[in-house]
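So this block is final.txt, compact mmCIF, C-alpha atoms:
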# COMPACT_ATOMS: atom_id res chain seq x y z
CA MET A 18 -45.83 233.26 -104.70
CA ARG A 19 -44.10 236.35 -103.38
CA ILE A 20 -45.34 238.32 -100.37
CA SER A 21 -47.13 240.82 -102.63
CA ALA A 22 -49.11 237.99 -104.25
CA LEU A 23 -49.83 236.51 -100.81
CA SER A 24 -51.13 239.92 -99.78
CA ALA A 25 -53.33 240.13 -102.87
CA ALA A 26 -54.66 236.59 -102.36
CA THR A 27 -55.68 237.21 -98.75
CA ASN A 28 -56.44 240.92 -98.77
CA VAL A 29 -54.02 241.36 -95.87
CA PRO A 30 -51.55 244.28 -96.24
CA VAL A 31 -47.88 243.33 -96.70
CA ALA A 32 -46.91 245.23 -93.54
CA THR A 33 -49.45 243.18 -91.54
CA ILE A 34 -48.14 239.91 -92.99
CA LYS A 35 -44.61 240.95 -91.99
CA TYR A 36 -45.88 241.68 -88.50
CA TYR A 37 -47.47 238.20 -88.26
CA LEU A 38 -44.22 236.65 -89.53
CA ARG A 39 -42.24 238.48 -86.82
CA GLU A 40 -44.78 237.43 -84.16
CA GLY A 41 -44.49 233.81 -85.32
CA LEU A 42 -48.19 233.55 -86.20
CA VAL A 43 -47.40 232.69 -89.82
CA PRO A 44 -44.48 230.39 -90.71
CA ALA A 45 -41.59 231.85 -92.70
CA GLY A 46 -41.61 231.43 -96.46
CA HIS A 47 -39.05 229.42 -98.43
CA LEU A 48 -36.02 231.69 -99.00
CA THR A 49 -35.05 231.94 -102.68
CA SER A 50 -32.46 234.68 -102.11
CA SER A 51 -31.32 236.69 -99.11
CA THR A 52 -34.20 239.15 -99.63
CA GLN A 53 -36.82 237.00 -101.36
CA ALA A 54 -39.12 234.37 -99.94
CA GLN A 55 -41.77 232.24 -101.59
CA TYR A 56 -45.14 231.46 -100.03
CA ASP A 57 -47.73 228.83 -100.90
CA GLU A 58 -51.34 227.77 -100.24
CA THR A 59 -50.53 226.76 -96.65
CA HIS A 60 -49.62 230.41 -95.98
CA VAL A 61 -52.88 231.59 -97.52
CA GLU A 62 -54.84 229.22 -95.25
CA ARG A 63 -52.86 230.16 -92.17
CA LEU A 64 -53.31 233.87 -92.82
CA ARG A 65 -57.07 233.42 -93.10
CA LEU A 66 -57.11 231.55 -89.80
CA VAL A 67 -54.99 234.20 -88.07
CA ARG A 68 -57.33 236.93 -89.34
CA ALA A 69 -60.37 235.03 -88.04
CA LEU A 70 -58.76 234.45 -84.63
CA LEU A 71 -57.62 238.04 -84.17
CA GLY A 72 -60.65 239.62 -85.85
CA PRO A 73 -64.13 238.22 -85.27
CA ALA A 74 -62.98 235.80 -82.56
CA GLY A 75 -61.26 238.64 -80.74
CA LEU A 76 -58.24 236.71 -79.45
CA THR A 77 -55.06 238.43 -78.32
CA ILE A 78 -51.80 237.73 -80.17
CA ALA A 79 -50.69 235.53 -77.25
CA GLN A 80 -53.92 233.50 -77.30
CA ALA A 81 -53.77 233.08 -81.08
CA ARG A 82 -50.16 231.91 -80.76
CA ARG A 83 -51.22 229.22 -78.29
CA VAL A 84 -54.07 228.07 -80.53
CA LEU A 85 -51.69 227.84 -83.51
CA ALA A 86 -49.13 226.00 -81.39
CA ALA A 87 -51.77 223.38 -80.63
CA ILE A 88 -52.48 223.04 -84.36
CA ASP A 89 -48.80 222.77 -85.25
CA GLU A 90 -47.86 220.34 -82.53
CA PRO A 91 -46.65 217.11 -84.08
CA ALA A 92 -48.57 215.08 -81.49
CA THR A 93 -50.87 212.33 -82.65
CA ASP A 94 -53.20 212.99 -79.74
CA THR A 95 -56.21 214.83 -81.25
CA LEU A 96 -57.97 215.16 -77.91
CA GLY A 97 -54.98 216.72 -76.21
CA ARG A 98 -54.48 219.20 -79.04
CA LEU A 99 -58.18 220.13 -79.02
CA ALA A 100 -58.09 220.69 -75.26
CA GLN A 101 -54.91 222.76 -75.52
CA ALA A 102 -56.40 224.98 -78.24
CA GLN A 103 -59.62 225.45 -76.25
CA HIS A 104 -57.78 226.33 -73.03
CA ALA A 105 -55.86 229.01 -74.94
CA THR A 106 -59.11 230.87 -75.63
CA THR A 107 -60.52 230.63 -72.10
CA LYS A 108 -60.56 233.88 -70.19
CA ASP A 109 -58.39 233.75 -67.11
CA ALA A 110 -60.71 233.63 -64.13
CA GLU A 111 -59.72 234.85 -60.70
CA ALA A 112 -58.61 232.05 -58.44
CA THR A 113 -61.72 230.92 -56.61
CA ASP A 114 -62.75 227.88 -54.69
CA THR A 115 -63.82 225.39 -57.37
CA ALA A 116 -65.77 223.10 -55.01
CA ALA A 117 -69.21 224.38 -56.08
CA ALA A 118 -68.20 224.18 -59.75
CA GLU A 119 -67.01 220.61 -59.31
CA ARG A 120 -70.28 219.66 -57.60
CA LEU A 121 -72.26 221.11 -60.53
CA VAL A 122 -70.15 219.22 -63.08
CA ALA A 123 -70.64 216.04 -61.04
CA GLN A 124 -74.40 216.71 -60.96
CA ALA A 125 -74.27 216.94 -64.77
CA GLY A 126 -72.27 213.72 -64.91
CA TRP A 127 -69.51 215.21 -67.05
CA GLN A 128 -65.92 214.01 -67.15
CA VAL A 129 -63.60 217.02 -67.20
CA ASP A 130 -59.97 217.80 -66.48
CA PRO A 131 -59.92 219.08 -62.86
CA SER A 132 -57.12 221.51 -63.77
CA SER A 133 -58.86 223.02 -66.81
CA PRO A 134 -59.34 226.80 -66.80
CA GLU A 135 -62.98 226.31 -67.78
CA LEU A 136 -63.62 224.96 -64.28
CA ALA A 137 -62.20 228.16 -62.77
CA GLN A 138 -64.41 230.13 -65.16
CA LEU A 139 -67.46 228.23 -63.93
CA ALA A 140 -66.40 228.82 -60.32
CA ALA A 141 -66.09 232.57 -60.99
CA ALA A 142 -69.55 232.66 -62.61
CA LEU A 143 -71.08 230.86 -59.62
CA ALA A 144 -69.29 233.18 -57.17
CA ALA A 145 -70.66 236.26 -58.98
CA ILE A 146 -74.21 234.85 -58.84
CA ASP A 147 -73.79 234.11 -55.16
CA HIS A 148 -72.30 237.52 -54.46
CA ALA A 149 -75.32 239.22 -56.09
CA ARG A 150 -77.62 237.11 -53.85
CA PHE A 151 -79.22 235.77 -56.99
CA GLU A 152 -80.66 232.29 -56.76
CA ILE A 153 -81.07 230.17 -59.85
CA PRO A 154 -84.27 228.17 -59.51
CA GLU A 155 -83.51 224.44 -59.60
CA PRO A 156 -85.68 223.81 -62.71
CA SER A 157 -83.70 226.43 -64.66
CA LEU A 158 -80.39 224.97 -63.51
CA GLU A 159 -81.45 221.53 -64.71
CA VAL A 160 -82.37 222.99 -68.09
CA TYR A 161 -78.96 224.73 -68.30
CA LEU A 162 -77.07 221.50 -67.68
CA ARG A 163 -79.20 219.43 -70.03
CA THR A 164 -79.21 221.94 -72.91
CA MET A 165 -75.46 222.68 -72.72
CA ALA A 166 -74.81 218.92 -72.91
CA GLU A 167 -77.09 218.72 -75.96
CA ILE A 168 -75.32 221.64 -77.63
CA ALA A 169 -71.86 220.18 -76.96
CA GLU A 170 -72.96 216.80 -78.25
CA ALA A 171 -74.17 218.29 -81.55
CA GLU A 172 -71.05 220.43 -81.89
CA ILE A 173 -68.55 217.65 -81.24
CA GLU A 174 -70.59 215.47 -83.61
CA GLY A 175 -70.08 218.12 -86.31
CA ILE A 176 -66.30 218.35 -85.95
CA PRO A 177 -64.67 217.58 -89.29
CA THR A 178 -62.47 214.51 -89.18
CA ASP A 179 -60.43 215.04 -92.35
CA SER A 180 -57.48 216.56 -90.46
CA ASP A 181 -56.54 217.61 -86.95
CA GLU A 182 -55.96 221.15 -88.23
CA ALA A 183 -59.51 221.30 -89.60
CA ALA A 184 -60.86 219.84 -86.35
CA ILE A 185 -59.04 222.39 -84.20
CA ARG A 186 -59.94 225.32 -86.45
CA TYR A 187 -63.60 224.29 -86.38
CA SER A 188 -63.62 223.69 -82.68
CA VAL A 189 -61.85 226.91 -81.63
CA LEU A 190 -63.74 229.19 -84.02
CA GLY A 191 -67.01 227.41 -83.22
CA THR A 192 -66.56 227.81 -79.50
CA ILE A 193 -65.70 231.50 -79.65
CA LEU A 194 -67.85 232.74 -82.51
CA VAL A 195 -70.98 230.92 -81.39
CA GLU A 196 -70.86 232.44 -77.87
CA PRO A 197 -72.33 235.84 -78.84
CA LEU A 198 -74.80 234.05 -81.10
CA LEU A 199 -76.13 231.94 -78.23
CA LEU A 200 -76.38 234.91 -75.89
CA ALA A 201 -78.29 236.98 -78.47
CA LEU A 202 -80.60 234.04 -79.23
CA ARG A 203 -81.30 233.55 -75.52
CA ARG A 204 -82.30 237.19 -75.10
CA LEU A 205 -84.56 237.08 -78.15
CA ALA A 206 -86.15 233.83 -76.95
CA GLN A 207 -86.72 235.49 -73.55
CA GLN A 208 -88.48 238.34 -75.34
CA ASP A 209 -90.72 235.87 -77.13
CA ALA A 210 -91.42 233.95 -73.91
CA SER A 211 -92.27 237.09 -71.93
CA ILE A 212 -94.58 238.32 -74.65
CA ARG A 213 -96.40 235.01 -74.40
CA ARG A 214 -96.44 235.08 -70.60
CA PHE A 215 -97.17 238.76 -69.92
CA GLY A 216 -99.25 239.13 -73.05
CA GLY A 217 -100.31 242.16 -74.99
CA GLY A 218 -98.16 244.03 -77.49
CA ILE A 219 -94.45 244.70 -77.35
CA GLY A 220 -93.30 247.39 -74.91
CA MET B 200 -81.68 255.22 -40.06
CA ARG B 201 -78.87 257.66 -40.77
CA ILE B 202 -76.39 257.25 -43.60
CA SER B 203 -73.83 255.67 -41.25
CA ALA B 204 -76.35 252.99 -40.24
CA LEU B 205 -77.27 252.46 -43.91
CA SER B 206 -73.58 251.98 -44.61
CA ALA B 207 -73.25 249.47 -41.77
CA ALA B 208 -76.36 247.56 -42.89
CA THR B 209 -75.17 247.19 -46.46
CA ASN B 210 -71.40 247.15 -46.05
CA VAL B 211 -71.15 250.00 -48.58
CA PRO B 212 -68.87 252.91 -47.56
CA VAL B 213 -70.60 256.22 -46.82
CA ALA B 214 -68.61 257.96 -49.58
CA THR B 215 -69.85 255.37 -52.11
CA ILE B 216 -73.47 255.81 -50.95
CA LYS B 217 -73.09 259.58 -51.41
CA TYR B 218 -71.75 258.97 -54.91
CA TYR B 219 -74.75 256.77 -55.78
CA LEU B 220 -77.07 259.46 -54.37
CA ARG B 221 -75.42 262.11 -56.57
CA GLU B 222 -75.64 259.81 -59.61
CA GLY B 223 -79.34 259.23 -58.91
CA LEU B 224 -78.91 255.46 -58.50
CA VAL B 225 -80.31 255.58 -54.95
CA PRO B 226 -83.25 257.87 -54.08
CA ALA B 227 -82.64 260.68 -51.60
CA GLY B 228 -83.46 260.06 -47.95
CA HIS B 229 -86.13 261.91 -46.00
CA LEU B 230 -84.61 265.20 -44.80
CA THR B 231 -84.97 265.70 -41.04
CA SER B 232 -82.80 268.83 -40.97
CA SER B 233 -80.75 270.72 -43.54
CA THR B 234 -77.82 268.34 -43.04
CA GLN B 235 -79.52 265.12 -41.89
CA ALA B 236 -81.47 262.57 -43.89
CA GLN B 237 -83.18 259.38 -42.82
CA TYR B 238 -83.07 256.17 -44.83
CA ASP B 239 -85.19 253.03 -44.60
CA GLU B 240 -85.40 249.41 -45.79
CA THR B 241 -86.14 250.47 -49.37
CA HIS B 242 -82.73 252.17 -49.43
CA VAL B 243 -81.06 249.00 -48.14
CA GLU B 244 -82.73 246.95 -50.89
CA ARG B 245 -81.90 249.47 -53.58
CA LEU B 246 -78.25 249.66 -52.51
CA ARG B 247 -77.96 245.87 -52.71
CA LEU B 248 -79.41 245.93 -56.21
CA VAL B 249 -77.08 248.74 -57.31
CA ARG B 250 -74.07 246.80 -55.97
CA ALA B 251 -75.15 243.69 -57.86
CA LEU B 252 -75.69 245.60 -61.10
CA LEU B 253 -72.37 247.44 -60.96
CA GLY B 254 -70.39 244.59 -59.44
CA PRO B 255 -70.98 241.01 -60.59
CA ALA B 256 -73.27 242.03 -63.44
CA GLY B 257 -70.67 244.50 -64.67
CA LEU B 258 -73.04 247.23 -65.86
CA THR B 259 -71.92 250.82 -66.38
CA ILE B 260 -73.46 253.59 -64.28
CA ALA B 261 -75.51 254.65 -67.32
CA GLN B 262 -76.81 251.11 -67.91
CA ALA B 263 -77.66 250.66 -64.23
CA ARG B 264 -79.53 253.98 -64.27
CA ARG B 265 -81.66 252.78 -67.20
CA VAL B 266 -82.44 249.47 -65.46
CA LEU B 267 -83.47 251.34 -62.29
CA ALA B 268 -85.56 253.78 -64.34
CA ALA B 269 -87.48 250.81 -65.73
CA ILE B 270 -88.06 249.54 -62.19
CA ASP B 271 -89.19 252.95 -60.92
CA GLU B 272 -91.46 253.78 -63.82
CA PRO B 273 -95.03 254.11 -62.58
CA ALA B 274 -96.33 252.22 -65.62
CA THR B 275 -98.67 249.30 -65.13
CA ASP B 276 -97.20 247.54 -68.15
CA THR B 277 -94.96 244.77 -66.75
CA LEU B 278 -93.90 243.55 -70.18
CA GLY B 279 -92.82 247.02 -71.33
CA ARG B 280 -90.82 247.58 -68.16
CA LEU B 281 -89.15 244.17 -68.46
CA ALA B 282 -88.21 244.87 -72.08
CA GLN B 283 -86.89 248.34 -71.19
CA ALA B 284 -84.71 246.94 -68.39
CA GLN B 285 -83.38 244.17 -70.65
CA HIS B 286 -82.55 246.56 -73.49
CA ALA B 287 -80.54 248.68 -71.03
CA THR B 288 -78.12 245.79 -70.49
CA THR B 289 -77.68 244.85 -74.14
CA LYS B 290 -74.31 245.69 -75.60
CA ASP B 291 -74.56 248.19 -78.42
CA ALA B 292 -73.88 246.31 -81.62
CA GLU B 293 -72.51 247.94 -84.72
CA ALA B 294 -75.21 248.81 -87.21
CA THR B 295 -75.47 245.80 -89.48
CA ASP B 296 -78.01 244.49 -91.88
CA THR B 297 -80.50 242.59 -89.71
CA ALA B 298 -82.07 240.59 -92.55
CA ALA B 299 -80.22 237.34 -91.70
CA ALA B 300 -81.03 237.78 -88.01
CA GLU B 301 -84.69 238.31 -88.78
CA ARG B 302 -84.75 235.18 -90.95
CA LEU B 303 -83.26 233.15 -88.09
CA VAL B 304 -85.81 234.49 -85.59
CA ALA B 305 -88.57 233.68 -88.08
CA GLN B 306 -87.13 230.16 -88.48
CA ALA B 307 -87.35 229.82 -84.69
CA GLY B 308 -90.92 231.11 -84.75
CA TRP B 309 -90.28 233.81 -82.14
CA GLN B 310 -92.21 237.04 -81.82
CA VAL B 311 -89.76 239.88 -81.12
CA ASP B 312 -89.69 243.64 -81.33
CA PRO B 313 -88.05 244.43 -84.72
CA SER B 314 -86.37 247.50 -83.20
CA SER B 315 -84.87 245.69 -80.19
CA PRO B 316 -81.08 245.95 -79.74
CA GLU B 317 -80.92 242.17 -79.24
CA LEU B 318 -81.70 241.76 -82.94
CA ALA B 319 -78.73 243.99 -83.85
CA GLN B 320 -76.62 241.90 -81.45
CA LEU B 321 -77.68 238.72 -83.27
CA ALA B 322 -76.93 240.35 -86.62
CA ALA B 323 -73.43 241.29 -85.43
CA ALA B 324 -72.80 237.72 -84.21
CA LEU B 325 -73.91 236.29 -87.56
CA ALA B 326 -71.76 238.80 -89.46
CA ALA B 327 -68.67 237.82 -87.42
CA ILE B 328 -69.29 234.13 -88.13
CA ASP B 329 -69.70 234.88 -91.81
CA HIS B 330 -66.61 237.09 -91.87
CA ALA B 331 -64.50 234.27 -90.38
CA ARG B 332 -65.82 231.94 -93.10
CA PHE B 333 -67.15 229.70 -90.37
CA GLU B 334 -70.21 227.65 -91.23
CA ILE B 335 -72.52 226.43 -88.52
CA PRO B 336 -73.76 222.97 -89.48
CA GLU B 337 -77.56 222.98 -89.79
CA PRO B 338 -78.07 220.32 -87.06
CA SER B 339 -76.13 222.50 -84.57
CA LEU B 340 -78.12 225.59 -85.53
CA GLU B 341 -81.37 223.74 -84.93
CA VAL B 342 -80.13 222.67 -81.50
CA TYR B 343 -79.17 226.29 -80.69
CA LEU B 344 -82.65 227.59 -81.53
CA ARG B 345 -84.47 224.81 -79.70
CA THR B 346 -82.33 224.89 -76.54
CA MET B 347 -82.37 228.70 -76.23
CA ALA B 348 -86.17 228.59 -76.47
CA GLU B 349 -86.24 225.92 -73.73
CA ILE B 350 -83.94 227.98 -71.51
CA ALA B 351 -86.00 231.15 -72.00
CA GLU B 352 -89.21 229.26 -71.30
CA ALA B 353 -87.88 227.92 -67.98
CA GLU B 354 -86.48 231.32 -67.02
CA ILE B 355 -89.63 233.30 -67.75
CA GLU B 356 -91.59 230.60 -65.94
CA GLY B 357 -89.42 231.23 -62.87
CA ILE B 358 -89.94 235.01 -62.78
CA PRO B 359 -91.39 235.98 -59.39
CA THR B 360 -94.84 237.53 -59.69
CA ASP B 361 -95.10 239.19 -56.27
CA SER B 362 -94.01 242.61 -57.59
CA ASP B 363 -92.81 244.21 -60.80
CA GLU B 364 -89.62 245.27 -59.02
CA ALA B 365 -88.88 241.67 -58.02
CA ALA B 366 -89.66 240.51 -61.57
CA ILE B 367 -87.34 243.06 -63.16
CA ARG B 368 -84.54 242.45 -60.63
CA TYR B 369 -84.76 238.70 -61.26
CA SER B 370 -84.94 239.06 -65.00
CA VAL B 371 -82.07 241.54 -65.39
CA LEU B 372 -79.71 239.83 -62.95
CA GLY B 373 -80.67 236.42 -64.32
CA THR B 374 -79.97 237.44 -67.90
CA ILE B 375 -76.58 238.98 -67.15
CA LEU B 376 -75.24 236.73 -64.41
CA VAL B 377 -76.23 233.49 -66.10
CA GLU B 378 -74.40 234.38 -69.35
CA PRO B 379 -70.89 233.47 -68.09
CA LEU B 380 -72.37 230.42 -66.37
CA LEU B 381 -73.84 229.11 -69.62
CA LEU B 382 -70.62 229.75 -71.57
CA ALA B 383 -68.51 227.94 -68.96
CA LEU B 384 -70.96 225.03 -68.85
CA ARG B 385 -70.90 224.76 -72.66
CA ARG B 386 -67.10 224.54 -72.69
CA LEU B 387 -67.07 221.91 -69.94
CA ALA B 388 -69.77 219.92 -71.72
CA GLN B 389 -67.66 220.12 -74.91
CA GLN B 390 -64.74 218.73 -72.96
CA ASP B 391 -66.87 215.83 -71.77
CA ALA B 392 -68.24 215.20 -75.26
CA SER B 393 -64.78 215.26 -76.88
CA ILE B 394 -63.40 212.89 -74.29
CA ARG B 395 -66.22 210.50 -75.17
CA ARG B 396 -65.72 211.00 -78.92
CA PHE B 397 -61.94 211.08 -79.18
CA GLY B 398 -61.49 208.71 -76.27
CA GLY B 399 -58.55 208.01 -74.04
CA GLY B 400 -57.46 210.15 -71.11
CA ILE B 401 -57.51 213.90 -70.79
CA GLY B 402 -54.86 215.85 -72.69
Hey, can you dump this file as C-alpha cells for me?
Amino acid sequence: MRISALSAATNVPVATIKYYLREGLVPAGHLTSSTQAQYDETHVERLRLVRALLGPAGLTIAQARRVLAAIDEPATDTLGRLAQAQHATTKDAEATDTAAAERLVAQAGWQVDPSSPELAQLAAALAAIDHARFEIPEPSLEVYLRTMAEIAEAEIEGIPTDSDEAAIRYSVLGTILVEPLLLALRRLAQQDASIRRFGGGIG
Amino acid sequence: MRISALSAATNVPVATIKYYLREGLVPAGHLTSSTQAQYDETHVERLRLVRALLGPAGLTIAQARRVLAAIDEPATDTLGRLAQAQHATTKDAEATDTAAAERLVAQAGWQVDPSSPELAQLAAALAAIDHARFEIPEPSLEVYLRTMAEIAEAEIEGIPTDSDEAAIRYSVLGTILVEPLLLALRRLAQQDASIRRFGGGIG
C-alpha cells in the first residue's frame, strides 16, 4: 500500500508517518520509484506499536527507539532483548548508593542484574523515604516484597510465546501501562480499608 | 526560639522559612515585638513535614497546602480528614467515563467514594490501556486486585493512632513515597521472574 493507505489504515496522519520514518521509528517502505514507496502489514503493526509507546505509555522518542531496537535485534536471546527493552523505559535515577537497594533485593531472594537501572531507581526511592524520615513498618515491607513477586510471576507467566516481538511488546506495554493502574488501585483499596478501620460514612 | 534558631534546628534557610510563612504552609510565630516572633517545637515539626511534602514527595505548594489544611482542620472525623489529605495528592485525571473503573472496584468488592479523584485516575489508566490495545490477562488482573487489597490492609493497619496529625502524616507520606518503591520492586521482581522463565544468564 502507499503511504496514504497506510495513513488511512492506522489513522496516523501522513506527516506524522514521515516524521517517524525520519526518526527511524518505522522502517522505510519498499521503493517502487524514486518518489514512491510501498508499505505492508508489518508497517501497520509497527505504527500501532509506536503510537502506543509514544501515546499512552508516554515514552520519549529516544526511549521508544531503544525499545524498538531491542525488538529488531537479530539476537536469539529472548531474555537479553526483554531486559534491554525494559531498561529503555526505566526513568534515569540520580546516582545513589545502591547498598540498601541490594540488601532489600537479597532479602526478597531475587536474582537481578547488579548494573540494571531498576536497582538505581529502587535506591532513589529508598533514599527519598529516608530523607523524609518516613519509616516503613516491617510488616508492610514484607507485604510489598511478597506481592510484587506475585505480580511479576503472574505477568511473566502471561507473556505470549508466539514471537519475541509479541513478548517484548507485551512486556514493555504491560510494565508501563499497568503502573498507573496499580497506583490507582492501591489508593482505592486504601480508601476501602480506612473506611473499614475508621468506620462511619465516607468523608 | 527566634527564626534563626528555627533555621538552625531544621536546616532550612531563613529566607525559605519566610517564604513558607507567606504561603501559609507554616503557622506564624508568637509576636514578641513588631519585628520579632518566637517559634516552638510545633514549628520545627511542621517545617520537617513541609520539606518532606515538597521535597521527596514532590507535591506542589497548592497540594501541600491542602494536605496541611486537612491536618489542621478542627474536625473530629479522622476518616474524612484522611480522605481529604489523600485526595489533595491525587493527580488530576482527565475527565473520562468512570463506568469501567466502577465495575473493577465492584469486582474487587471495595467500598469507595464515587466522587473521589482516585476513581477518575483509575478510569484514565484503564482508558490508556484500552487505547494502546493492550489486554490485561484475567489472571493478572485478579492478582492486581488481591495484592493491592493486601497492601492497603497492611498499610492502614500500620497507621499510628496516637494523633490525627501523626495518622495523616503517615498516610500521605506513605502513599506518595512508597509509589516509586513499589514500581521499582515490581520491575526487579519481573527481572527475577524472567530470568527463571527464560533461563540462562542476565542479558
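Each of A:Ile185, A:Ala144, A:Ala123, A:Met165 was compared to chain B using only C-alpha atoms, and A:Met165 turns out to be the nearest.
Closest to Ala365 (chain B) among B:Val213, B:Leu258, B:Leu281, B:Leu205 is B:Leu281, based on only C-alpha atoms.
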Residues of chain A within 7 Å of chain B, counting all atoms listed in the file, what are they? List them as an mmCIF file with C-alpha atoms, keeping the file's coordinate frame.
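The new file out.cif reads:
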data_model
loop_
_atom_site.group_PDB
_atom_site.id
_atom_site.type_symbol
_atom_site.label_atom_id
_atom_site.label_comp_id
_atom_site.auth_asym_id
_atom_site.auth_seq_id
_atom_site.Cartn_x
_atom_site.Cartn_y
_atom_site.Cartn_z
ATOM 1 C CA ALA A 69 -60.370 235.030 -88.040
ATOM 2 C CA PRO A 73 -64.130 238.220 -85.270
ATOM 3 C CA LEU A 96 -57.970 215.160 -77.910
ATOM 4 C CA GLY A 97 -54.980 216.720 -76.210
ATOM 5 C CA ALA A 100 -58.090 220.690 -75.260
ATOM 6 C CA TRP A 127 -69.510 215.210 -67.050
ATOM 7 C CA GLN A 128 -65.920 214.010 -67.150
ATOM 8 C CA VAL A 129 -63.600 217.020 -67.200
ATOM 9 C CA ASP A 130 -59.970 217.800 -66.480
ATOM 10 C CA GLU A 135 -62.980 226.310 -67.780
ATOM 11 C CA GLN A 138 -64.410 230.130 -65.160
ATOM 12 C CA LEU A 139 -67.460 228.230 -63.930
ATOM 13 C CA ALA A 142 -69.550 232.660 -62.610
ATOM 14 C CA LEU A 143 -71.080 230.860 -59.620
ATOM 15 C CA ALA A 145 -70.660 236.260 -58.980
ATOM 16 C CA ILE A 146 -74.210 234.850 -58.840
ATOM 17 C CA ALA A 149 -75.320 239.220 -56.090
ATOM 18 C CA PRO A 154 -84.270 228.170 -59.510
ATOM 19 C CA SER A 157 -83.700 226.430 -64.660
ATOM 20 C CA VAL A 160 -82.370 222.990 -68.090
ATOM 21 C CA TYR A 161 -78.960 224.730 -68.300
ATOM 22 C CA THR A 164 -79.210 221.940 -72.910
ATOM 23 C CA MET A 165 -75.460 222.680 -72.720
ATOM 24 C CA ALA A 166 -74.810 218.920 -72.910
ATOM 25 C CA ILE A 168 -75.320 221.640 -77.630
ATOM 26 C CA ALA A 169 -71.860 220.180 -76.960
ATOM 27 C CA GLU A 170 -72.960 216.800 -78.250
ATOM 28 C CA ALA A 171 -74.170 218.290 -81.550
ATOM 29 C CA GLU A 172 -71.050 220.430 -81.890
ATOM 30 C CA ILE A 173 -68.550 217.650 -81.240
ATOM 31 C CA GLY A 175 -70.080 218.120 -86.310
ATOM 32 C CA LEU A 194 -67.850 232.740 -82.510
ATOM 33 C CA GLU A 196 -70.860 232.440 -77.870
ATOM 34 C CA PRO A 197 -72.330 235.840 -78.840
ATOM 35 C CA LEU A 198 -74.800 234.050 -81.100
ATOM 36 C CA LEU A 199 -76.130 231.940 -78.230
ATOM 37 C CA LEU A 200 -76.380 234.910 -75.890
ATOM 38 C CA ALA A 201 -78.290 236.980 -78.470
ATOM 39 C CA LEU A 202 -80.600 234.040 -79.230
ATOM 40 C CA ARG A 203 -81.300 233.550 -75.520
ATOM 41 C CA ARG A 204 -82.300 237.190 -75.100
ATOM 42 C CA LEU A 205 -84.560 237.080 -78.150
ATOM 43 C CA ALA A 206 -86.150 233.830 -76.950
ATOM 44 C CA GLN A 207 -86.720 235.490 -73.550
ATOM 45 C CA GLN A 208 -88.480 238.340 -75.340
ATOM 46 C CA ASP A 209 -90.720 235.870 -77.130
ATOM 47 C CA ALA A 210 -91.420 233.950 -73.910
ATOM 48 C CA SER A 211 -92.270 237.090 -71.930
ATOM 49 C CA ILE A 212 -94.580 238.320 -74.650
ATOM 50 C CA PHE A 215 -97.170 238.760 -69.920
ATOM 51 C CA ILE A 219 -94.450 244.700 -77.350
ATOM 52 C CA GLY A 220 -93.300 247.390 -74.910
#
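Minimum atom-to-atom distances from A:Thr49, A:Ser132, A:Thr77, A:Thr113 to Arg19 (chain A) were compared using only C-alpha atoms, and the lowest value belongs to A:Thr49.
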Students should find that CA of Ser203 (chain B) and CA of Leu267 (chain B) are spaced 23.5 Å
